[in-house]
>>> print(open('start39.pdb').read())   # PDB, C-alpha atoms
ATOM      1  CA  MET A1394      -8.323  -9.619  10.731
ATOM      2  CA  ALA A1395     -10.346  -8.094  13.566
ATOM      3  CA  GLU A1396      -8.040  -9.775  16.109
ATOM      4  CA  ALA A1397      -4.926  -8.018  14.730
ATOM      5  CA  GLU A1398      -3.103  -5.996  17.326
ATOM      6  CA  GLY A1399      -1.633  -2.531  16.994
ATOM      7  CA  PRO A1400      -2.541   0.420  14.815
ATOM      8  CA  VAL A1401      -3.627   0.149  11.208
ATOM      9  CA  ASN A1402      -0.609   0.089   8.933
ATOM     10  CA  ARG A1403      -1.259   2.462   6.060
ATOM     11  CA  PRO A1404       0.727   5.068   4.234
ATOM     12  CA  PRO A1405       0.206   8.634   5.388
ATOM     13  CA  ALA A1406      -2.511  10.384   3.453
ATOM     14  CA  TYR A1407      -1.473  13.324   1.309
ATOM     15  CA  PHE A1408      -3.162  15.797   3.652
ATOM     16  CA  GLU A1409      -1.650  14.214   6.788
ATOM     17  CA  GLN A1410       1.856  15.377   5.916
ATOM     18  CA  PRO A1411       2.753  18.559   7.861
ATOM     19  CA  ILE A1412       4.035  20.725   5.002
ATOM     20  CA  TRP A1413       0.941  20.039   2.878
ATOM     21  CA  THR A1414      -1.268  20.724   5.876
ATOM     22  CA  LEU A1415       0.429  24.092   6.397
ATOM     23  CA  LEU A1416       0.176  25.034   2.721
ATOM     24  CA  GLY A1417      -3.429  23.838   2.652
ATOM     25  CA  LEU A1418      -4.318  26.025   5.630
ATOM     26  CA  LEU A1419      -2.746  29.052   3.952
ATOM     27  CA  VAL A1420      -4.763  28.444   0.782
ATOM     28  CA  VAL A1421      -7.946  27.805   2.768
ATOM     29  CA  CYS A1422      -7.514  31.102   4.580
ATOM     30  CA  ALA A1423      -6.431  33.126   1.533
ATOM     31  CA  GLY A1424      -9.787  33.173  -0.290
ATOM     32  CA  PRO A1425     -11.911  34.382   2.629
ATOM     33  CA  VAL A1426      -9.220  36.906   3.683
ATOM     34  CA  ILE A1427      -9.055  38.373   0.158
ATOM     35  CA  LEU A1428     -12.856  38.478   0.021
ATOM     36  CA  LEU A1429     -13.103  40.208   3.400
ATOM     37  CA  ALA A1430     -10.420  42.709   2.394
ATOM     38  CA  GLY A1431     -12.436  43.629  -0.690
ATOM     39  CA  ILE A1432     -15.785  43.824   1.074
ATOM     40  CA  GLY A1433     -14.416  45.474   4.219
ATOM     41  CA  GLY A1434     -12.916  48.416   2.356
ATOM     42  CA  TYR A1435      -9.250  47.564   2.962
ATOM     43  CA  VAL A1436      -8.453  48.112  -0.731
ATOM     44  CA  PRO A1437      -8.895  51.229  -2.891
ATOM     45  CA  ASP A1438     -12.305  51.623  -4.549
ATOM     46  CA  ASP A1439     -10.772  51.263  -8.019
ATOM     47  CA  ASP A1440      -9.540  47.768  -7.168
ATOM     48  CA  ARG A1441     -12.448  46.593  -5.013
ATOM     49  CA  LEU A1442     -14.354  44.683  -7.724
ATOM     50  CA  GLY A1443     -11.239  42.764  -8.813
ATOM     51  CA  VAL A1444     -10.329  41.893  -5.232
ATOM     52  CA  VAL A1445     -13.874  40.709  -4.426
ATOM     53  CA  VAL A1446     -14.013  38.558  -7.577
ATOM     54  CA  THR A1447     -10.582  37.096  -6.781
ATOM     55  CA  GLY A1448     -11.736  36.371  -3.225
ATOM     56  CA  LEU A1449     -14.877  34.633  -4.495
ATOM     57  CA  VAL A1450     -12.904  32.484  -6.939
ATOM     58  CA  TRP A1451     -10.310  31.520  -4.313
ATOM     59  CA  THR A1452     -13.039  30.738  -1.785
ATOM     60  CA  ALA A1453     -14.838  28.494  -4.293
ATOM     61  CA  LEU A1454     -11.587  26.692  -5.117
ATOM     62  CA  THR A1455     -10.924  26.296  -1.394
ATOM     63  CA  VAL A1456     -14.290  24.631  -0.892
ATOM     64  CA  VAL A1457     -13.557  22.200  -3.751
ATOM     65  CA  VAL A1458     -10.126  21.329  -2.327
ATOM     66  CA  VAL A1459     -11.503  20.760   1.177
ATOM     67  CA  VAL A1460     -14.310  18.544  -0.137
ATOM     68  CA  LEU A1461     -11.835  16.494  -2.208
ATOM     69  CA  ALA A1462      -9.548  16.111   0.827
ATOM     70  CA  ILE A1463     -12.407  14.908   3.012
ATOM     71  CA  VAL A1464     -13.718  12.484   0.386
ATOM     72  CA  GLY A1465     -10.203  11.096  -0.217
ATOM     73  CA  THR A1466      -9.530  10.626   3.484
ATOM     74  CA  VAL A1467     -12.860   8.860   4.036
ATOM     75  CA  ARG A1468     -12.144   6.592   1.057
ATOM     76  CA  ASP A1469      -8.663   5.728   2.368
ATOM     77  CA  GLN A1470     -10.046   4.885   5.799
ATOM     78  CA  ARG A1471     -12.728   2.671   4.245
ATOM     79  CA  VAL A1472     -10.171   0.801   2.117
ATOM     80  CA  TRP A1473      -7.848   0.067   5.045
ATOM     81  CA  ARG A1474     -10.787  -0.870   7.287
ATOM     82  CA  ASP A1475     -11.858  -3.313   4.539
ATOM     83  CA  LEU A1476      -8.405  -4.897   4.727
ATOM     84  CA  ASP A1477      -8.752  -5.149   8.521
ATOM     85  CA  THR A1478     -12.102  -6.924   8.299
ATOM     86  CA  ALA A1479     -11.762  -9.069   5.162
ATOM     87  CA  GLY A1480      -8.008  -9.558   4.949
ATOM     88  CA  VAL A1481      -6.145 -12.825   5.197
ATOM     89  CA  ARG A1482      -2.805 -13.119   6.996
ATOM     90  CA  VAL A1483      -0.246 -15.043   4.963
ATOM     91  CA  THR A1484       3.523 -15.318   5.075
ATOM     92  CA  GLY A1485       5.590 -13.679   2.367
ATOM     93  CA  THR A1486       8.972 -15.241   1.627
ATOM     94  CA  VAL A1487      11.907 -12.867   1.165
ATOM     95  CA  THR A1488      13.464 -13.483  -2.249
ATOM     96  CA  SER A1489      16.046 -10.692  -2.075
ATOM     97  CA  ALA A1490      17.232  -8.183   0.490
ATOM     98  CA  GLN A1491      19.511  -5.249  -0.222
ATOM     99  CA  ARG A1492      20.831  -2.623   2.203
ATOM    100  CA  VAL A1493      20.122   0.890   0.894
ATOM    101  CA  TRP A1494      20.253   4.432   2.189
ATOM    102  CA  CYS A1495      16.836   5.838   3.074
ATOM    103  CA  GLY A1496      18.026   9.228   4.255
ATOM    104  CA  GLU A1497      21.287  11.025   4.869
ATOM    105  CA  ASP A1498      22.223   8.911   7.866
ATOM    106  CA  ASP A1499      19.662   6.093   7.882
ATOM    107  CA  ARG A1500      19.970   2.628   6.407
ATOM    108  CA  CYS A1501      17.043   0.472   5.315
ATOM    109  CA  THR A1502      16.629  -2.911   3.733
ATOM    110  CA  ARG A1503      14.854  -3.132   0.366
ATOM    111  CA  VAL A1504      13.026  -6.444   0.587
ATOM    112  CA  ARG A1505      11.431  -8.265  -2.351
ATOM    113  CA  MET A1506       8.967 -10.940  -1.331
ATOM    114  CA  LEU A1507       6.920 -13.653  -2.953
ATOM    115  CA  VAL A1508       3.429 -13.695  -1.445
ATOM    116  CA  THR A1509       1.141 -16.675  -1.952
ATOM    117  CA  VAL A1510      -2.561 -16.258  -1.208
ATOM    118  CA  PRO A1511      -4.999 -19.178  -1.329
ATOM    119  CA  GLY A1512      -7.237 -18.883  -4.398
ATOM    120  CA  ARG A1513      -5.070 -16.233  -6.120
ATOM    121  CA  PRO A1514      -1.897 -16.372  -8.163
ATOM    122  CA  PRO A1515       1.283 -15.576  -6.225
ATOM    123  CA  PHE A1516       2.668 -12.051  -6.563
ATOM    124  CA  THR A1517       5.890 -10.243  -5.720
ATOM    125  CA  THR A1518       6.144  -7.037  -3.790
ATOM    126  CA  SER A1519       8.905  -4.742  -2.637
ATOM    127  CA  HIS A1520       9.147  -2.845   0.655
ATOM    128  CA  LEU A1521      11.658  -0.620   2.423
ATOM    129  CA  VAL A1522      12.157  -1.769   5.998
ATOM    130  CA  ALA A1523      13.823   0.737   8.340
ATOM    131  CA  GLY A1524      16.409  -0.328  10.873
ATOM    132  CA  GLU A1525      19.835  -1.877  11.159
ATOM    133  CA  GLU A1526      18.729  -5.501  11.356
ATOM    134  CA  ILE A1527      19.683  -7.507   8.295
ATOM    135  CA  ILE A1528      16.823  -9.513   6.817
ATOM    136  CA  GLU A1529      17.954 -12.780   5.291
ATOM    137  CA  VAL A1530      16.681 -14.271   2.035
ATOM    138  CA  GLY A1531      14.137 -16.988   2.848
ATOM    139  CA  THR A1532      12.802 -15.191   5.932
ATOM    140  CA  GLY A1533       9.019 -15.319   6.311
ATOM    141  CA  ILE A1534       7.272 -11.977   6.942
ATOM    142  CA  PRO A1535       3.568 -11.820   7.814
ATOM    143  CA  VAL A1536       1.513  -9.956   5.207
ATOM    144  CA  ASP A1537      -2.167  -8.980   5.366
ATOM    145  CA  VAL A1538      -3.763  -9.501   1.936
ATOM    146  CA  HIS A1539      -7.298  -8.787   0.770
ATOM    147  CA  PRO A1540      -8.667 -11.990  -0.807
ATOM    148  CA  THR A1541     -10.178 -10.346  -3.904
ATOM    149  CA  ARG A1542      -8.602  -6.884  -4.280
ATOM    150  CA  ASP A1543      -5.009  -5.838  -4.955
ATOM    151  CA  LEU A1544      -4.543  -4.561  -1.419
ATOM    152  CA  PHE A1545      -1.889  -5.705   1.038
ATOM    153  CA  ARG A1546       0.458  -4.510   3.788
ATOM    154  CA  LEU A1547       3.194  -5.863   5.987
ATOM    155  CA  ALA A1548       1.570  -7.157   9.157
ATOM    156  CA  THR A1549       4.697  -6.553  11.256
ATOM    157  CA  VAL A1550       7.899  -4.611  10.874
ATOM    158  CA  PRO A1551      10.647  -7.263  10.630
ATOM    159  CA  SER A1552      13.261  -5.141  12.424
ATOM    160  CA  THR A1553      11.105  -4.788  15.550
ATOM    161  CA  GLY A1554       8.720  -7.709  15.298
ATOM    162  CA  GLY A1555       5.877  -5.389  16.349
ATOM    163  CA  ALA A1556       2.838  -4.089  14.603
ATOM    164  CA  SER A1557       3.728  -1.509  12.012
ATOM    165  CA  GLY A1558       2.013   1.837  11.919
TER     166      GLY A1558
END
>>> encode(input="start39.pdb", output="structure tokens")
Amino acid sequence: MAEAEGPVNRPPAYFEQPIWTLLGLLVVCAGPVILLAGIGGYVPDDDRLGVVVTGLVWTALTVVVVVLAIVGTVRDQRVWRDLDTAGVRVTGTVTSAQRVWCGEDDRCTRVRMLVTVPGRPPFTTSHLVAGEEIIEVGTGIPVDVHPTRDLFRLATVPSTGGASG
């Protein structure tokens, strides 16, 4: 798979989506800000201990969330890199194709395919393919499949013929 062109086709990681990134940044900043407010004297003396404890708890939770996000991202990158290096390119045969809405104004094709990999039993998979092009039943679509793990991806986007990403 090392000779494959184009970017790695993988779903966006949870923390790569903009709204979650924004919310994550707010949470990451909240703990230290609360802690600094308590220590810096920005709250009344009667409430200082509660604010400092809250800041410490939020800061600890923030550290846990950041560590989990980093570990998850590294794991995802390793898994997709494994598919790039050990994967086998095969052709999946479209067994059904149905036009569906994939947004308010966008149409997609829901494609079910039968994928046959040497040394493994055949399996079926379903994908949403964006675009107006109609994909016919019986069409062959390149699929990258890991030979021993349940890991696969479309090698190209049928509507454009290019590398998906």
>>> resolve_selection(input="start39.pdb", expression="the PyMOL selection byres ((chain A and resi 1495) around 12)", output="short mmCIF file (atom, residue, chain, number, x, y, z; two decimals) with C-alpha atoms, in the coordinates of the input")
data_model
loop_
_atom_site.label_atom_id
_atom_site.label_comp_id
_atom_site.auth_asym_id
_atom_site.auth_seq_id
_atom_site.Cartn_x
_atom_site.Cartn_y
_atom_site.Cartn_z
CA GLN A 1491 19.51 -5.25 -0.22
CA ARG A 1492 20.83 -2.62 2.20
CA VAL A 1493 20.12 0.89 0.89
CA TRP A 1494 20.25 4.43 2.19
CA GLY A 1496 18.03 9.23 4.26
CA GLU A 1497 21.29 11.02 4.87
CA ASP A 1498 22.22 8.91 7.87
CA ASP A 1499 19.66 6.09 7.88
CA ARG A 1500 19.97 2.63 6.41
CA CYS A 1501 17.04 0.47 5.32
CA THR A 1502 16.63 -2.91 3.73
CA ARG A 1503 14.85 -3.13 0.37
CA HIS A 1520 9.15 -2.84 0.66
CA LEU A 1521 11.66 -0.62 2.42
CA VAL A 1522 12.16 -1.77 6.00
CA ALA A 1523 13.82 0.74 8.34
CA GLY A 1524 16.41 -0.33 10.87
CA GLU A 1525 19.84 -1.88 11.16
#
>>> residues_around(input="start39.pdb", residues="segment 1443-1457 of chain A", least_positions_apart="4", cutoff="12 Å", atoms="all atoms listed in the file", output="tab-separated table (two decimals) with C-alpha atoms, in the coordinates of the input")
chain	number	residue	atom	x	y	z
A	1416	LEU	CA	0.18	25.03	2.72
A	1417	GLY	CA	-3.43	23.84	2.65
A	1418	LEU	CA	-4.32	26.02	5.63
A	1419	LEU	CA	-2.75	29.05	3.95
A	1420	VAL	CA	-4.76	28.44	0.78
A	1421	VAL	CA	-7.95	27.80	2.77
A	1422	CYS	CA	-7.51	31.10	4.58
A	1423	ALA	CA	-6.43	33.13	1.53
A	1424	GLY	CA	-9.79	33.17	-0.29
A	1425	PRO	CA	-11.91	34.38	2.63
A	1426	VAL	CA	-9.22	36.91	3.68
A	1427	ILE	CA	-9.06	38.37	0.16
A	1428	LEU	CA	-12.86	38.48	0.02
A	1429	LEU	CA	-13.10	40.21	3.40
A	1430	ALA	CA	-10.42	42.71	2.39
A	1431	GLY	CA	-12.44	43.63	-0.69
A	1432	ILE	CA	-15.78	43.82	1.07
A	1433	GLY	CA	-14.42	45.47	4.22
A	1434	GLY	CA	-12.92	48.42	2.36
A	1435	TYR	CA	-9.25	47.56	2.96
A	1436	VAL	CA	-8.45	48.11	-0.73
A	1437	PRO	CA	-8.90	51.23	-2.89
A	1438	ASP	CA	-12.30	51.62	-4.55
A	1439	ASP	CA	-10.77	51.26	-8.02
A	1461	LEU	CA	-11.84	16.49	-2.21
A	1462	ALA	CA	-9.55	16.11	0.83
A	1463	ILE	CA	-12.41	14.91	3.01
A	1464	VAL	CA	-13.72	12.48	0.39
>>> atom_distance(input="start39.pdb", atom1="atom CA of Thr1466 of chain A", atom2="atom CA of Pro1535 of chain A")
26.3 Å
>>> resolve_selection(input="start39.pdb", expression="the PyMOL selection byres ((chain A and resi 1528) around 10)", output="PyMOL selection string")
chain A and resi 1487+1489-1492+1502-1504+1522+1525-1527+1529-1534+1551-1552
>>> atom_distance(input="start39.pdb", atom1="atom CA of Val1458 of chain A", atom2="atom CA of Leu1544 of chain A")
26.5 Å
>>> atom_distance(input="start39.pdb", atom1="atom CA of Thr1488 of chain A", atom2="atom CA of Pro1540 of chain A")
22.2 Å
>>> resolve_selection(input="start39.pdb", expression="the PyMOL selection byres ((chain A and resi 1518) around 7)", output="list in words")
Arg1505, Met1506, Leu1507, Phe1516, Thr1517, Ser1519 and His1520 of chain A
>>> closest_residue(input="start39.pdb", among="A:Gly1485, A:Asp1543, A:Pro1514, A:Pro1411", to="Val1472 of chain A", atoms="all atoms listed in the file")
A:Asp1543
>>> closest_residue(input="start39.pdb", among="A:Thr1549, A:Thr1509, A:Thr1414, A:Thr1541", to="Val1483 of chain A", atoms="all atoms listed in the file")
A:Thr1509
>>> axis_aligned_box(input="start39.pdb", around="segment 1491-1507 of chain A", padding_each_side="4 Å", output="lines of an AutoDock Vina configuration file")
center_x = 14.6
center_y = -1.3
center_z = 2.5
size_x = 23.3
size_y = 32.7
size_z = 18.8
